[in-house]
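Each remark here refers to the structure printed beneath this line.
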Amino acid sequence: MASILNIMPDLDADEMAFVQNLVKDMSDAEVQQFASIYRSRRREPMLILGTTLLGFFMVAGVQRFLVGQIGMGVLYLLTGGLCAIGTIVDLINFRRIAFENNIKEAQLVVAMMGGNYNRF
């Protein structure tokens, strides 16, 4: 079994541990397929940070749309990031927002591949 560290070295430590646990029972070919799909679906924390900063100057809520939270994105858009307080909170928690989205995406990729995504 290939180490996910060799295939996806850009993952954060917590995300890498979670993904490594998900792929531990997969063959090398399945791990490669997982990495290919997951790499295209995950969100970088710096992308979340950048779009959150965009909320201060232009359009609030873009970071919520990126992680699939459409309702929160619309709410942020219509209220100016909940009067900028929600945007400030998102600036503080941008890594958590990205991590939670990436965990959800990793589980979806394993489910799409036909596996059980609650292996942790």
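In the structure tokens, chains take letters A, B, ... by order of appearance, with residues numbered from 1 within each chain and ligands from 1 in the order shown.
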
**Request:** Find the residues near A:Phe18: any atom within 9 Å, counting only C-alpha atoms, skip ones fewer than 5 places away on the same chain, and give them as a VMD selection string.
**Result:** chain A and resid 13 23 103 106 120

**Prompt:** Using the chain letters and numbers from this document, which residues of chain A does DSSP assign to helix (DSSP H, G or I), as an MDAnalysis selection string?
**Reply:** chainID A and resid 4:7 13:23 28:41 45:57 62:66 70:83 85:92 94:112

Kindly save the residues from that selection, with C-alpha atoms included, as a short mmCIF file (atom, residue, chain, number, x, y, z; two decimals), in the first residue's frame.
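Produced file selection-v3.cif, reproduced below:
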```
data_model
loop_
_atom_site.label_atom_id
_atom_site.label_comp_id
_atom_site.auth_asym_id
_atom_site.auth_seq_id
_atom_site.Cartn_x
_atom_site.Cartn_y
_atom_site.Cartn_z
CA ILE A 4 -0.55 9.05 1.06
CA LEU A 5 2.41 11.23 2.07
CA ASN A 6 4.23 10.21 -1.12
CA ILE A 7 1.18 10.80 -3.31
CA ALA A 13 -1.02 16.80 9.28
CA ASP A 14 -4.59 16.28 10.51
CA GLU A 15 -5.96 15.90 7.02
CA MET A 16 -3.16 13.52 6.07
CA ALA A 17 -3.84 11.34 9.13
CA PHE A 18 -7.54 11.18 8.27
CA VAL A 19 -6.93 10.39 4.61
CA GLN A 20 -4.26 7.80 5.46
CA ASN A 21 -6.81 6.08 7.70
CA LEU A 22 -9.38 6.13 4.88
CA VAL A 23 -7.06 4.56 2.32
CA ASP A 28 -2.10 1.06 -4.79
CA ALA A 29 -4.29 1.58 -7.87
CA GLU A 30 -7.27 2.53 -5.71
CA VAL A 31 -5.14 4.96 -3.70
CA GLN A 32 -3.95 6.57 -6.93
CA GLN A 33 -7.56 6.85 -8.14
CA PHE A 34 -8.64 8.28 -4.78
CA ALA A 35 -5.82 10.84 -4.84
CA SER A 36 -6.67 11.90 -8.37
CA ILE A 37 -10.32 12.51 -7.55
CA TYR A 38 -9.72 13.97 -4.10
CA ARG A 39 -7.06 16.40 -5.31
CA SER A 40 -9.59 17.99 -7.67
CA ARG A 41 -12.32 18.25 -5.01
CA PRO A 45 -6.93 26.66 3.36
CA MET A 46 -5.26 29.60 1.61
CA LEU A 47 -8.08 29.69 -0.95
CA ILE A 48 -10.58 29.93 1.91
CA LEU A 49 -8.49 32.69 3.51
CA GLY A 50 -8.28 34.63 0.25
CA THR A 51 -11.99 34.46 -0.45
CA THR A 52 -12.75 35.42 3.16
CA LEU A 53 -10.55 38.49 2.78
CA LEU A 54 -12.46 39.24 -0.42
CA GLY A 55 -15.54 39.47 1.79
CA PHE A 56 -14.17 42.56 3.51
CA PHE A 57 -13.66 44.49 0.30
CA VAL A 62 -17.73 33.50 -1.36
CA GLN A 63 -15.85 31.17 1.01
CA ARG A 64 -19.14 29.59 2.07
CA PHE A 65 -20.18 29.01 -1.54
CA LEU A 66 -16.80 27.33 -2.21
CA ILE A 70 -25.05 27.71 -0.15
CA GLY A 71 -27.48 28.88 2.54
CA MET A 72 -24.72 30.48 4.60
CA GLY A 73 -23.25 31.99 1.45
CA VAL A 74 -26.54 33.66 0.57
CA LEU A 75 -26.96 34.84 4.17
CA TYR A 76 -23.45 36.34 4.19
CA LEU A 77 -24.07 37.90 0.78
CA LEU A 78 -27.30 39.58 1.84
CA THR A 79 -26.09 40.74 5.27
CA GLY A 80 -22.57 41.84 4.39
CA GLY A 81 -20.99 38.87 6.12
CA LEU A 82 -23.44 39.20 9.03
CA CYS A 83 -22.30 42.81 9.44
CA ILE A 85 -18.72 39.71 12.31
CA GLY A 86 -19.21 36.39 10.51
CA THR A 87 -16.43 37.28 8.10
CA ILE A 88 -14.07 37.99 11.01
CA VAL A 89 -14.98 34.64 12.58
CA ASP A 90 -14.31 32.92 9.26
CA LEU A 91 -10.92 34.66 9.05
CA ILE A 92 -10.02 33.16 12.40
CA PHE A 94 -10.41 29.43 7.84
CA ARG A 95 -8.32 26.29 8.44
CA ARG A 96 -11.19 24.56 10.23
CA ILE A 97 -13.60 25.47 7.43
CA ALA A 98 -11.22 23.98 4.84
CA PHE A 99 -10.50 20.90 6.98
CA GLU A 100 -14.19 20.11 7.55
CA ASN A 101 -14.92 20.51 3.85
CA ASN A 102 -11.97 18.32 2.88
CA ILE A 103 -13.02 15.58 5.31
CA LYS A 104 -16.50 15.59 3.80
CA GLU A 105 -15.05 15.45 0.29
CA ALA A 106 -12.69 12.58 1.19
CA GLN A 107 -15.61 10.59 2.55
CA LEU A 108 -17.64 11.30 -0.60
CA VAL A 109 -14.77 10.17 -2.83
CA VAL A 110 -14.45 6.88 -0.92
CA ALA A 111 -18.22 6.40 -1.15
CA MET A 112 -18.12 7.10 -4.90
#
```

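Our summary of the geometry notes that atom CA of A:Asn93 is positioned 22.8 Å from atom CA of A:Pro9.
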
**Request:** Measuring atom to atom with only C-alpha atoms, identify which of A:Leu11, A:Gln69, A:Met58, A:Met26 is nearest to A:Arg42.
**Result:** A:Leu11

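Proximity of A:Val67, A:Gly114, A:Ser27, A:Met8 to A:Arg43, computed with only C-alpha atoms, is greatest for A:Val67.
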